[in-house]
Amino acid sequence: MASIRFEQVSKRYGKVTAVAQADFEVKDKEFMVLVGPSGCGKSTLLRMIAGLEDISEGGLFIGGERVNDLPPKDRDIAIVFQNYALYPHMTVYDNLAFGLKIRGLKKEAIREKVLEAARILEIEALLDRKPKAMSGGQLQRVAIGRAIVRSPKVFLFDEPLSNLDAKLRGQMRLEIARLHKKLQTTVVYVTHDQVEAMTLGDRIAVMQQGIIQQIDTPQNLYRRPANRFVAGFIGSPPMNFIPGAINQSSQGFVFEDDSLTYAFPLPASAAWEPHTGRRVEMGLRPEHFSARPPQDGLPYASFEVEVQHIERLGHESFAFAQWGKYALAARLSADEDLEPPCRITLWASLDKMHFFDLESGRAVG
Amino acid sequence: MKIQVNKGGKKGRGLAPYIILSPYLLHLLLFVLFPIVFSVVLAFHKWNIISPMEYVGLDNIQRLFQDRLFWKSVLNTLKFLIVHIPLQIVIALALAYFLNEKILMRGFFRATFFLPVVISGVVVTMVWQQLYGLETGLLNRALIALHLPRVEWLSNPYMAMISIAVMATWKNVGLYVILFLTGLQTVPRSYYEAAEVEGASAWQQFRYITLPAINPTLFMVAVLSTIGGFSLFIEPYIMTDGGPLNSTLSAMLYIYKQAFGYYQMGYSATLGLFFALLIMSVVAVQKLVIEKES
């Protein structure tokens, strides 16, 4: 039973603020992913939970207990490092047993726990090997094994899959999800990979420049990004952005692009009122384009584009096109047989459009 | 793609490689190979440089085994090693450990500890001779100021070799600090962090992580300081000339004295060769231990 609560937690290195006023809670048994570009402060946040970094300001609570001044060993946490940090001179067995030995457990008890962890991770056959004689995937399993062997209250993962190749990464992702289901422990998982974040997290905290931009479920982050950064960070290829302004016309509110070439009607809502006349960016995800007009009867917009390049992935294709002076990426079905350069019309539902205030980046509407 | 391999054929190369190598080859020939061969020849002769060489068969070797002073000098050298090597390793490791931490003016301290290594051994010895002085030496003055009895650093036969070993340690420790530092820096930070989370104390981290990780460096330092220690010469030569009562007469100093003090070139060569074999066998044992460990 352990929730983790951040109360206005900041971390400063001299004048640099690595984490600014983090204020959120990781619920008991929750899988929380911290995601963001390098240097956003996500690892610092994780290392503060572990006790490997001091907290400059605010309070950190694990299971209701304030742990700011508690050394790492007394926090009942385990951490999996990016480089695995397995001791090269010890066998897998000794690596797993190390923490238990340090804590003065009896030999038989250690043996039992190590074998149990090895069984869960299917690394029984590796117990006599040294790290040098193992593959990346095996090392990763052992590193996770070392974390679970002590049955800690909280698991911390610091970019655990970045050193693996793509195929293995997918496999280990599944295993970590399975393990979490089985062990029912609170997990905080740091990654810069949005696929890992989306597939693993019960909730995701998106960070940028030391500030948590949004914390929500993967679905909500994708559907309702709180600001332009989150909108651009989640999704691949990233969301298309077109600068313009919200104006009022005789037909109601419209979005007009900067070149005043295009205008799209906005759904009738009083929410646009305060943003009238303000500069905004319209955001549209590549997967919300279609090469055929939608049949669902909802209002849509059309874009006459010049396709310049196509990436064919087999099950789908990405078209990179020019629309006036704007570059657009669009996901198309694999059946579309296009030979760039060519001109086509792309369609998108109006309700898939996002709008962000240009100045603050906040979502509007 | 076809990769062209240079087979190193003689065609087209001519004399160029030999000309380029010639300075080194000349050095090798004159100052390494010739002395070795010549000393083997000398070992079977009696020669005082001026008179012609006289073949004496195995006389020199026979004399070696009966020469009690030579064996004393070997024993002295071993005594020196027993103080010098552990002292050197422990101090170097401790210094390297702290100089690897984020301490104030780390670069300054790293450079300072290395400085004695690059100062001439003669200069160092002369400075330490002043420090060790019986009446006017700084160390004894400090002891007197503290109302403690003064120490006969260099004039007491039991103390002299220890004093020399301490000085040699001061002189050489910087080199081993650098070697240990490079060893320590190859240990990833996350090893310590993982251990810290597991609950290992600073000592346990050192014992279970640092020491095994720097094992190869540890043995390298042991081998280097053994070889260096065996060739102890300058310090007793300048400080004590082997005294008092031959207590600081190192094997190297004795060999030197045979050659250039008594002009016993043949006998000196015999001692030199024998001593070289002794060093080689000690290093061979160390090498075996290293290979077994890793």
# chains A, B, ... in the order shown; residues from 1 in each chain; ligands from 1
call {"tool": "residues_around", "arguments": {"residues": "Val280 (chain A)", "least_positions_apart": "5", "cutoff": "9 Å", "atoms": "only C-alpha atoms", "output": "number ranges by chain"}}
result
A: 242-246, 255, 275, 355-359, 361, 364
call {"tool": "interface_residues", "arguments": {"of": "chain A", "to": "chain B", "cutoff": "12 Å", "atoms": "only C-alpha atoms", "output": "short mmCIF file (atom, residue, chain, number, x, y, z; two decimals) with N, CA and C atoms, in the first residue's frame"}}
result
data_model
loop_
_atom_site.label_atom_id
_atom_site.label_comp_id
_atom_site.auth_asym_id
_atom_site.auth_seq_id
_atom_site.Cartn_x
_atom_site.Cartn_y
_atom_site.Cartn_z
N ARG A 47 14.28 10.43 -9.42
CA ARG A 47 15.41 10.27 -8.50
C ARG A 47 15.11 10.91 -7.15
N ILE A 49 12.13 10.68 -5.81
CA ILE A 49 11.34 9.64 -5.13
C ILE A 49 12.29 8.61 -4.53
N ALA A 50 13.36 8.27 -5.29
CA ALA A 50 14.30 7.25 -4.83
C ALA A 50 15.16 7.76 -3.68
N GLY A 51 15.27 9.08 -3.57
CA GLY A 51 16.14 9.64 -2.55
C GLY A 51 17.56 9.85 -3.05
N LEU A 52 17.75 9.73 -4.37
CA LEU A 52 19.08 9.93 -4.95
C LEU A 52 19.34 11.41 -5.24
N GLU A 53 18.28 12.23 -5.16
CA GLU A 53 18.42 13.68 -5.28
C GLU A 53 17.71 14.31 -4.09
N LEU A 70 14.51 11.01 4.43
CA LEU A 70 14.73 9.58 4.62
C LEU A 70 15.75 9.09 3.59
N PRO A 71 16.79 8.34 4.02
CA PRO A 71 17.75 7.82 3.02
C PRO A 71 17.08 6.79 2.11
N PRO A 72 17.63 6.58 0.91
CA PRO A 72 17.00 5.68 -0.07
C PRO A 72 16.65 4.32 0.50
N LYS A 73 17.55 3.78 1.35
CA LYS A 73 17.34 2.40 1.78
C LYS A 73 16.12 2.27 2.69
N ASP A 74 15.71 3.39 3.31
CA ASP A 74 14.56 3.32 4.22
C ASP A 74 13.24 3.68 3.55
N ARG A 75 13.27 3.87 2.24
CA ARG A 75 12.04 4.29 1.56
C ARG A 75 11.24 3.10 1.02
N ASP A 76 11.82 1.92 1.09
CA ASP A 76 11.19 0.70 0.58
C ASP A 76 10.80 0.85 -0.88
N ILE A 77 11.76 1.24 -1.68
CA ILE A 77 11.55 1.38 -3.11
C ILE A 77 12.62 0.56 -3.83
N ALA A 78 12.39 0.30 -5.11
CA ALA A 78 13.44 -0.34 -5.91
C ALA A 78 13.48 0.39 -7.23
N ILE A 79 14.67 0.47 -7.81
CA ILE A 79 14.80 1.23 -9.04
C ILE A 79 15.49 0.38 -10.11
N VAL A 80 15.01 0.49 -11.33
CA VAL A 80 15.63 -0.17 -12.48
C VAL A 80 16.27 0.91 -13.34
N PHE A 81 17.57 0.80 -13.52
CA PHE A 81 18.30 1.84 -14.24
C PHE A 81 18.37 1.55 -15.74
N GLN A 82 18.61 2.62 -16.48
CA GLN A 82 18.71 2.49 -17.94
C GLN A 82 19.86 1.56 -18.33
N ASN A 83 21.00 1.69 -17.64
CA ASN A 83 22.15 0.83 -17.99
C ASN A 83 22.16 -0.43 -17.11
N TYR A 84 21.04 -0.74 -16.50
CA TYR A 84 20.82 -1.95 -15.68
C TYR A 84 21.56 -1.91 -14.36
N ALA A 85 22.78 -1.34 -14.35
CA ALA A 85 23.58 -1.25 -13.12
C ALA A 85 23.71 -2.58 -12.40
N LEU A 86 23.91 -3.65 -13.18
CA LEU A 86 24.18 -4.95 -12.55
C LEU A 86 25.67 -5.03 -12.28
N TYR A 87 26.03 -5.61 -11.14
CA TYR A 87 27.44 -5.67 -10.77
C TYR A 87 28.14 -6.74 -11.61
N PRO A 88 29.15 -6.32 -12.39
CA PRO A 88 29.74 -7.22 -13.38
C PRO A 88 30.48 -8.41 -12.77
N HIS A 89 30.96 -8.26 -11.54
CA HIS A 89 31.76 -9.34 -10.97
C HIS A 89 30.90 -10.35 -10.24
N MET A 90 29.57 -10.10 -10.17
CA MET A 90 28.70 -11.05 -9.47
C MET A 90 27.85 -11.82 -10.47
N ASP A 94 23.90 -13.69 -7.34
CA ASP A 94 24.46 -12.77 -6.35
C ASP A 94 23.94 -11.36 -6.54
N ASN A 95 23.71 -10.98 -7.81
CA ASN A 95 23.14 -9.66 -8.06
C ASN A 95 21.76 -9.55 -7.42
N LEU A 96 20.95 -10.60 -7.59
CA LEU A 96 19.60 -10.58 -7.03
C LEU A 96 19.66 -10.63 -5.50
N ALA A 97 20.64 -11.37 -4.99
CA ALA A 97 20.71 -11.59 -3.55
C ALA A 97 21.35 -10.43 -2.80
N PHE A 98 22.06 -9.56 -3.52
CA PHE A 98 22.88 -8.53 -2.88
C PHE A 98 22.11 -7.71 -1.83
N GLY A 99 20.97 -7.15 -2.25
CA GLY A 99 20.20 -6.30 -1.34
C GLY A 99 19.69 -7.05 -0.13
N LEU A 100 19.34 -8.31 -0.36
CA LEU A 100 18.82 -9.12 0.75
C LEU A 100 19.93 -9.45 1.74
N LYS A 101 21.11 -9.73 1.16
CA LYS A 101 22.28 -10.03 2.00
C LYS A 101 22.63 -8.82 2.86
N ILE A 102 22.63 -7.65 2.22
CA ILE A 102 22.94 -6.41 2.93
C ILE A 102 21.97 -6.22 4.09
N ARG A 103 20.72 -6.60 3.84
CA ARG A 103 19.70 -6.42 4.88
C ARG A 103 19.72 -7.55 5.92
N GLY A 104 20.70 -8.43 5.78
CA GLY A 104 20.92 -9.43 6.83
C GLY A 104 19.93 -10.57 6.83
N ALA A 143 17.75 -7.08 -14.17
CA ALA A 143 17.63 -5.80 -13.47
C ALA A 143 16.25 -5.66 -12.85
N ARG A 146 16.09 -7.92 -9.81
CA ARG A 146 16.72 -7.36 -8.62
C ARG A 146 15.75 -6.40 -7.91
N ALA A 147 14.89 -5.75 -8.73
CA ALA A 147 13.94 -4.82 -8.13
C ALA A 147 12.81 -5.56 -7.41
N ILE A 148 12.32 -6.65 -8.01
CA ILE A 148 11.13 -7.29 -7.40
C ILE A 148 11.50 -8.21 -6.25
N VAL A 149 12.77 -8.61 -6.15
CA VAL A 149 13.15 -9.62 -5.18
C VAL A 149 12.90 -9.14 -3.74
N ARG A 150 12.96 -7.84 -3.53
CA ARG A 150 12.76 -7.32 -2.18
C ARG A 150 11.29 -7.00 -1.90
N SER A 151 10.41 -7.23 -2.85
CA SER A 151 8.99 -6.84 -2.77
C SER A 151 8.81 -5.45 -2.18
N PRO A 152 9.32 -4.43 -2.86
CA PRO A 152 9.22 -3.07 -2.32
C PRO A 152 7.81 -2.50 -2.52
N VAL A 154 7.23 0.45 -3.85
CA VAL A 154 7.19 1.24 -5.08
C VAL A 154 8.32 0.79 -6.02
N PHE A 155 7.97 0.64 -7.30
CA PHE A 155 8.99 0.39 -8.33
C PHE A 155 9.24 1.65 -9.11
N LEU A 156 10.52 1.94 -9.31
CA LEU A 156 10.86 3.08 -10.14
C LEU A 156 11.62 2.56 -11.36
N PHE A 157 11.23 3.03 -12.53
CA PHE A 157 11.93 2.63 -13.76
C PHE A 157 12.48 3.88 -14.42
N ASP A 158 13.79 3.91 -14.67
CA ASP A 158 14.40 5.07 -15.32
C ASP A 158 14.79 4.70 -16.75
#
call {"tool": "atom_distance", "arguments": {"atom1": "CA of Phe44 (chain B)", "atom2": "CA of Gly266 (chain B)"}}
result
6.7 Å
call {"tool": "select_by_dssp", "arguments": {"residues": "region 76-303 of chain A", "states": "helix (DSSP H, G or I)", "output": "VMD selection string"}}
result
chain A and resid 92 to 102 107 to 121 124 to 126 131 to 133 136 to 148 166 to 183 194 to 200 218 to 223 228 to 233 270 to 275 286 to 288
call {"tool": "residues_around", "arguments": {"residues": "region 27-42 of chain A", "least_positions_apart": "6", "cutoff": "9 Å", "atoms": "only C-alpha atoms", "output": "PyMOL selection string"}}
result
chain A and resi 1-5+11+17-20+63+154+177+180+183-194+196-198+200-211+233
call {"tool": "residues_around", "arguments": {"residues": "Glu7 (chain A)", "least_positions_apart": "6", "cutoff": "6 Å", "atoms": "only C-alpha atoms", "output": "VMD selection string"}}
result
chain A and resid 23 58 to 59
call {"tool": "residues_around", "arguments": {"residues": "Phe219 (chain B)", "least_positions_apart": "2", "cutoff": "12 Å", "atoms": "only C-alpha atoms", "output": "ChimeraX atom specification"}}
result
/B:85-86,89,176,179-180,183,211-217,221-226,283,285-294
call {"tool": "atom_distance", "arguments": {"atom1": "CA of Phe289 (chain A)", "atom2": "CA of Ser317 (chain A)"}}
result
11.8 Å
call {"tool": "decode", "arguments": {"residues": "region 23-45 of chain A", "atoms": "C-alpha atoms", "output": "PDB file, in the first residue's frame"}}
result
ATOM      1  CA  ASP A  23       2.031  18.865  -7.154  1.00  0.00           C
ATOM      2  CA  PHE A  24       0.288  15.574  -7.844  1.00  0.00           C
ATOM      3  CA  GLU A  25      -0.362  12.131  -6.494  1.00  0.00           C
ATOM      4  CA  VAL A  26       0.471   8.682  -7.792  1.00  0.00           C
ATOM      5  CA  LYS A  27      -2.278   6.464  -6.436  1.00  0.00           C
ATOM      6  CA  ASP A  28      -1.632   3.144  -4.763  1.00  0.00           C
ATOM      7  CA  LYS A  29      -1.014   0.404  -7.355  1.00  0.00           C
ATOM      8  CA  GLU A  30      -1.115   2.945 -10.157  1.00  0.00           C
ATOM      9  CA  PHE A  31       1.251   2.790 -13.142  1.00  0.00           C
ATOM     10  CA  MET A  32       2.332   6.383 -13.617  1.00  0.00           C
ATOM     11  CA  VAL A  33       4.508   7.320 -16.569  1.00  0.00           C
ATOM     12  CA  LEU A  34       6.611  10.474 -16.600  1.00  0.00           C
ATOM     13  CA  VAL A  35       7.256  11.446 -20.192  1.00  0.00           C
ATOM     14  CA  GLY A  36       8.915  14.383 -21.893  1.00  0.00           C
ATOM     15  CA  PRO A  37      11.902  15.377 -24.005  1.00  0.00           C
ATOM     16  CA  SER A  38      15.441  15.026 -22.606  1.00  0.00           C
ATOM     17  CA  GLY A  39      16.215  17.505 -19.886  1.00  0.00           C
ATOM     18  CA  CYS A  40      12.559  18.053 -18.965  1.00  0.00           C
ATOM     19  CA  GLY A  41      13.126  16.991 -15.343  1.00  0.00           C
ATOM     20  CA  LYS A  42      11.399  13.620 -15.441  1.00  0.00           C
ATOM     21  CA  SER A  43      14.435  11.656 -14.279  1.00  0.00           C
ATOM     22  CA  THR A  44      15.119  14.215 -11.563  1.00  0.00           C
ATOM     23  CA  LEU A  45      11.568  13.750 -10.319  1.00  0.00           C
TER      24      LEU A  45
END
